[in-house]
file run28.pdb (PDB, C-alpha atoms, pLDDT in the B column)
ATOM      1  CA  MET C 173       0.000   0.000   0.000  1.00 97.00           C
ATOM      2  CA  GLN C 174       1.061   3.605  -0.389  1.00 97.00           C
ATOM      3  CA  VAL C 175       1.208   6.430   2.131  1.00 98.00           C
ATOM      4  CA  MET C 176       2.425  10.001   1.851  1.00 98.00           C
ATOM      5  CA  PHE C 177       4.910  11.530   4.273  1.00 97.00           C
ATOM      6  CA  SER C 178       5.214  15.296   4.666  1.00 97.00           C
ATOM      7  CA  SER C 179       7.195  17.566   6.932  1.00 95.00           C
ATOM      8  CA  ASN C 180       8.333  21.122   7.535  1.00 92.00           C
ATOM      9  CA  GLY C 181      11.497  23.033   8.333  1.00 89.00           C
ATOM     10  CA  LYS C 182      14.846  21.295   8.530  1.00 91.00           C
ATOM     11  CA  LEU C 183      13.361  17.849   7.963  1.00 92.00           C
ATOM     12  CA  ARG C 184      11.792  18.994   4.690  1.00 94.00           C
ATOM     13  CA  HIS C 185      15.201  20.290   3.657  1.00 93.00           C
ATOM     14  CA  LEU C 186      16.899  16.969   4.536  1.00 92.00           C
ATOM     15  CA  ILE C 187      14.344  14.998   2.555  1.00 94.00           C
ATOM     16  CA  GLY C 188      14.523  17.380  -0.373  1.00 94.00           C
ATOM     17  CA  ALA C 189      10.760  17.568  -0.892  1.00 94.00           C
ATOM     18  CA  ALA C 190       7.642  18.698   0.926  1.00 92.00           C
ATOM     19  CA  ARG C 191       6.020  15.287   0.415  1.00 95.00           C
ATOM     20  CA  ILE C 192       7.220  11.826  -0.489  1.00 96.00           C
ATOM     21  CA  ARG C 193       5.223   8.771  -1.474  1.00 97.00           C
ATOM     22  CA  MET C 194       6.181   5.554   0.278  1.00 96.00           C
ATOM     23  CA  GLU C 195       5.339   1.945  -0.431  1.00 97.00           C
ATOM     24  CA  VAL C 196       4.705   0.150   2.875  1.00 97.00           C
ATOM     25  CA  PRO C 197       3.432  -3.304   3.807  1.00 96.00           C
ATOM     26  CA  ALA C 198      -0.064  -3.903   5.139  1.00 94.00           C
ATOM     27  CA  GLU C 199      -0.415  -3.462   8.907  1.00 94.00           C
ATOM     28  CA  THR C 200       2.169  -0.662   8.958  1.00 97.00           C
ATOM     29  CA  ARG C 201       1.918   1.639  11.981  1.00 97.00           C
ATOM     30  CA  VAL C 202       2.735   5.340  12.149  1.00 96.00           C
ATOM     31  CA  VAL C 203       5.922   4.546  14.081  1.00 95.00           C
ATOM     32  CA  ASP C 204       6.991   2.235  11.237  1.00 97.00           C
ATOM     33  CA  VAL C 205       6.596   5.094   8.753  1.00 97.00           C
ATOM     34  CA  LEU C 206       8.674   7.350  11.011  1.00 95.00           C
ATOM     35  CA  GLU C 207      11.362   4.670  11.365  1.00 95.00           C
ATOM     36  CA  ASN C 208      11.415   4.189   7.604  1.00 96.00           C
ATOM     37  CA  VAL C 209      11.985   7.916   6.991  1.00 96.00           C
ATOM     38  CA  ALA C 210      14.656   8.050   9.710  1.00 94.00           C
ATOM     39  CA  GLU C 211      16.454   5.079   8.156  1.00 95.00           C
ATOM     40  CA  ARG C 212      16.298   6.511   4.628  1.00 95.00           C
ATOM     41  CA  TYR C 213      17.528   9.999   5.505  1.00 94.00           C
ATOM     42  CA  GLY C 214      20.152   9.369   8.177  1.00 94.00           C
ATOM     43  CA  ALA C 215      21.103  10.258  11.714  1.00 94.00           C
ATOM     44  CA  GLU C 216      20.024  13.893  11.549  1.00 94.00           C
ATOM     45  CA  ALA C 217      16.543  12.940  10.325  1.00 93.00           C
ATOM     46  CA  ARG C 218      16.354  10.259  13.030  1.00 93.00           C
ATOM     47  CA  ALA C 219      17.203  12.803  15.734  1.00 92.00           C
ATOM     48  CA  LEU C 220      14.596  15.247  14.427  1.00 91.00           C
ATOM     49  CA  ILE C 221      11.825  12.654  14.169  1.00 90.00           C
ATOM     50  CA  LEU C 222      12.539  10.147  16.923  1.00 88.00           C
ATOM     51  CA  GLY C 223      14.952  11.934  19.230  1.00 82.00           C
ATOM     52  CA  GLU C 224      14.153  11.897  22.911  1.00 73.00           C
ATOM     53  CA  ARG C 225      13.707  15.668  22.912  1.00 68.00           C
ATOM     54  CA  SER C 226      12.386  16.135  19.387  1.00 73.00           C
ATOM     55  CA  GLY C 227       9.036  17.662  20.412  1.00 82.00           C
ATOM     56  CA  VAL C 228       7.426  16.876  17.050  1.00 88.00           C
ATOM     57  CA  LEU C 229       3.712  16.770  16.374  1.00 92.00           C
ATOM     58  CA  VAL C 230       2.525  13.848  14.287  1.00 94.00           C
ATOM     59  CA  LEU C 231      -0.660  14.017  12.235  1.00 96.00           C
ATOM     60  CA  VAL C 232      -2.453  11.435  10.149  1.00 97.00           C
ATOM     61  CA  ASN C 233      -4.679  12.935   7.482  1.00 97.00           C
ATOM     62  CA  ASP C 234      -4.419  16.361   9.171  1.00 96.00           C
ATOM     63  CA  GLU C 235      -5.519  15.057  12.586  1.00 96.00           C
ATOM     64  CA  MET C 236      -3.047  15.090  15.481  1.00 94.00           C
ATOM     65  CA  ILE C 237      -2.461  11.669  16.998  1.00 93.00           C
ATOM     66  CA  GLU C 238      -1.460  10.760  20.524  1.00 85.00           C
ATOM     67  CA  GLN C 239      -0.001   7.309  19.876  1.00 83.00           C
ATOM     68  CA  SER C 240       2.302   6.374  17.040  1.00 85.00           C
ATOM     69  CA  THR C 241       1.255   2.725  17.282  1.00 90.00           C
ATOM     70  CA  ILE C 242      -1.949   3.243  15.281  1.00 93.00           C
ATOM     71  CA  ALA C 243      -2.086   1.598  11.862  1.00 96.00           C
ATOM     72  CA  VAL C 244      -2.031   3.552   8.632  1.00 97.00           C
ATOM     73  CA  SER C 245      -4.239   2.775   5.657  1.00 97.00           C
ATOM     74  CA  ASP C 246      -3.633   2.958   1.943  1.00 98.00           C
ATOM     75  CA  GLY C 247      -3.618   6.601   0.870  1.00 97.00           C
ATOM     76  CA  ASP C 248      -3.038   8.069   4.352  1.00 98.00           C
ATOM     77  CA  GLU C 249      -0.761  11.058   4.823  1.00 98.00           C
ATOM     78  CA  VAL C 250       1.573  11.090   7.825  1.00 97.00           C
ATOM     79  CA  THR C 251       2.838  14.576   8.653  1.00 96.00           C
ATOM     80  CA  VAL C 252       5.615  15.480  11.074  1.00 95.00           C
ATOM     81  CA  LEU C 253       5.657  19.080  12.265  1.00 92.00           C
ATOM     82  CA  LEU C 254       8.888  20.213  13.871  1.00 88.00           C
ATOM     83  CA  PRO C 255       8.840  22.879  16.583  1.00 84.00           C
ATOM     84  CA  MET C 256       9.283  26.388  15.238  1.00 73.00           C
ATOM     85  CA  ALA C 257      11.040  29.275  16.945  1.00 62.00           C
ATOM     86  CA  GLY C 258      11.361  32.924  16.194  1.00 59.00           C
ATOM     87  CA  GLY C 259       9.270  35.979  16.339  1.00 56.00           C
TER      88      GLY C 259
END

call {"tool": "encode", "arguments": {"input": "run28.pdb", "output": "structure tokens"}}
result
Amino acid sequence: MQVMFSSNGKLRHLIGAARIRMEVPAETRVVDVLENVAERYGAEARALILGERSGVLVLVNDEMIEQSTIAVSDGDEVTVLLPMAGG
């Protein structure tokens, strides 16, 4: 099945695109999608997404989720929003 992954800020820059399409097996969970992106794009992406102090918000189809163990479905979009600073 296919899911979309999108992000903002530094993670978007690391990936080189605002959105990427990913082929994933059935019964894939949100955390599996995050692990897949971290593995594909290296240590810096892993720290941004999965780091102990990353502070990211994760959304599935534009709805914030509390647990990354929920399953994704074909056509879902997983979005990671990094904390923003500035003023």

call {"tool": "residues_around", "arguments": {"input": "run28.pdb", "residues": "stretch 188-200 of chain C", "least_positions_apart": "2", "cutoff": "10 Å", "atoms": "only C-alpha atoms", "output": "count of residues only"}}
result
31

call {"tool": "resolve_selection", "arguments": {"input": "run28.pdb", "expression": "the PyMOL selection byres ((chain C and resi 229) around 8)", "output": "number ranges by chain"}}
result
C: 227-228, 230-231, 236, 252-255

call {"tool": "closest_residue", "arguments": {"input": "run28.pdb", "among": "C:Ser240, C:Ser226, C:Asp234, C:Glu211", "to": "C:Met256", "atoms": "only C-alpha atoms"}}
result
C:Ser226

call {"tool": "atom_distance", "arguments": {"input": "run28.pdb", "atom1": "atom CA of C:Arg212", "atom2": "atom CA of C:Glu235"}}
result
24.7 Å

call {"tool": "atom_distance", "arguments": {"input": "run28.pdb", "atom1": "atom CA of C:Asn233", "atom2": "atom CA of C:Leu206"}}
result
14.9 Å

call {"tool": "atom_distance", "arguments": {"input": "run28.pdb", "atom1": "atom CA of C:Glu238", "atom2": "atom CA of C:Glu207"}}
result
16.9 Å

call {"tool": "axis_aligned_box", "arguments": {"input": "run28.pdb", "around": "stretch 239-242 of chain C", "padding_each_side": "8 Å", "output": "AutoDock Vina command-line options"}}
result
--center_x 0.2 --center_y 5.0 --center_z 17.6 --size_x 20.3 --size_y 20.6 --size_z 20.6

call {"tool": "build_atoms", "arguments": {"input": "run28.pdb", "residues": "stretch 219-238 of chain C", "atoms": "N, CA and C atoms", "output": "PDB file, in the coordinates of the input"}}
result
ATOM      1  N   ALA C 219      17.231  11.955  14.534  1.00 92.00           N
ATOM      2  CA  ALA C 219      17.203  12.803  15.734  1.00 92.00           C
ATOM      3  C   ALA C 219      16.018  13.768  15.700  1.00 92.00           C
ATOM      4  N   LEU C 220      15.718  14.306  14.539  1.00 91.00           N
ATOM      5  CA  LEU C 220      14.596  15.247  14.427  1.00 91.00           C
ATOM      6  C   LEU C 220      13.246  14.561  14.646  1.00 91.00           C
ATOM      7  N   ILE C 221      13.108  13.353  14.115  1.00 90.00           N
ATOM      8  CA  ILE C 221      11.825  12.654  14.169  1.00 90.00           C
ATOM      9  C   ILE C 221      11.653  11.868  15.460  1.00 90.00           C
ATOM     10  N   LEU C 222      12.675  11.122  15.838  1.00 88.00           N
ATOM     11  CA  LEU C 222      12.539  10.147  16.923  1.00 88.00           C
ATOM     12  C   LEU C 222      13.367  10.478  18.150  1.00 88.00           C
ATOM     13  N   GLY C 223      14.103  11.576  18.101  1.00 82.00           N
ATOM     14  CA  GLY C 223      14.952  11.934  19.230  1.00 82.00           C
ATOM     15  C   GLY C 223      14.157  12.134  20.503  1.00 82.00           C
ATOM     16  N   GLU C 224      14.796  11.821  21.601  1.00 73.00           N
ATOM     17  CA  GLU C 224      14.153  11.897  22.911  1.00 73.00           C
ATOM     18  C   GLU C 224      13.544  13.273  23.188  1.00 73.00           C
ATOM     19  N   ARG C 225      14.176  14.305  22.657  1.00 68.00           N
ATOM     20  CA  ARG C 225      13.707  15.668  22.912  1.00 68.00           C
ATOM     21  C   ARG C 225      13.228  16.354  21.637  1.00 68.00           C
ATOM     22  N   SER C 226      12.737  15.567  20.687  1.00 73.00           N
ATOM     23  CA  SER C 226      12.386  16.135  19.387  1.00 73.00           C
ATOM     24  C   SER C 226      11.187  17.080  19.451  1.00 73.00           C
ATOM     25  N   GLY C 227      10.194  16.787  20.265  1.00 82.00           N
ATOM     26  CA  GLY C 227       9.036  17.662  20.412  1.00 82.00           C
ATOM     27  C   GLY C 227       8.188  17.790  19.165  1.00 82.00           C
ATOM     28  N   VAL C 228       8.196  16.795  18.287  1.00 88.00           N
ATOM     29  CA  VAL C 228       7.426  16.876  17.050  1.00 88.00           C
ATOM     30  C   VAL C 228       5.951  16.590  17.299  1.00 88.00           C
ATOM     31  N   LEU C 229       5.124  17.130  16.425  1.00 92.00           N
ATOM     32  CA  LEU C 229       3.712  16.770  16.374  1.00 92.00           C
ATOM     33  C   LEU C 229       3.541  15.845  15.190  1.00 92.00           C
ATOM     34  N   VAL C 230       2.772  14.791  15.378  1.00 94.00           N
ATOM     35  CA  VAL C 230       2.525  13.848  14.287  1.00 94.00           C
ATOM     36  C   VAL C 230       1.034  13.864  13.980  1.00 94.00           C
ATOM     37  N   LEU C 231       0.723  13.999  12.695  1.00 96.00           N
ATOM     38  CA  LEU C 231      -0.660  14.017  12.235  1.00 96.00           C
ATOM     39  C   LEU C 231      -0.865  12.911  11.218  1.00 96.00           C
ATOM     40  N   VAL C 232      -2.051  12.359  11.205  1.00 97.00           N
ATOM     41  CA  VAL C 232      -2.453  11.435  10.149  1.00 97.00           C
ATOM     42  C   VAL C 232      -3.690  12.033   9.509  1.00 97.00           C
ATOM     43  N   ASN C 233      -3.586  12.307   8.226  1.00 97.00           N
ATOM     44  CA  ASN C 233      -4.679  12.935   7.482  1.00 97.00           C
ATOM     45  C   ASN C 233      -5.150  14.215   8.160  1.00 97.00           C
ATOM     46  N   ASP C 234      -4.184  15.041   8.559  1.00 96.00           N
ATOM     47  CA  ASP C 234      -4.419  16.361   9.171  1.00 96.00           C
ATOM     48  C   ASP C 234      -5.046  16.313  10.561  1.00 96.00           C
ATOM     49  N   GLU C 235      -5.025  15.161  11.213  1.00 96.00           N
ATOM     50  CA  GLU C 235      -5.519  15.057  12.586  1.00 96.00           C
ATOM     51  C   GLU C 235      -4.371  14.621  13.490  1.00 96.00           C
ATOM     52  N   MET C 236      -4.131  15.402  14.549  1.00 94.00           N
ATOM     53  CA  MET C 236      -3.047  15.090  15.481  1.00 94.00           C
ATOM     54  C   MET C 236      -3.341  13.768  16.175  1.00 94.00           C
ATOM     55  N   ILE C 237      -2.301  12.956  16.320  1.00 93.00           N
ATOM     56  CA  ILE C 237      -2.461  11.669  16.998  1.00 93.00           C
ATOM     57  C   ILE C 237      -1.669  11.671  18.292  1.00 93.00           C
ATOM     58  N   GLU C 238      -2.121  10.876  19.223  1.00 85.00           N
ATOM     59  CA  GLU C 238      -1.460  10.760  20.524  1.00 85.00           C
ATOM     60  C   GLU C 238      -0.493   9.581  20.557  1.00 85.00           C
TER      61      GLU C 238
END
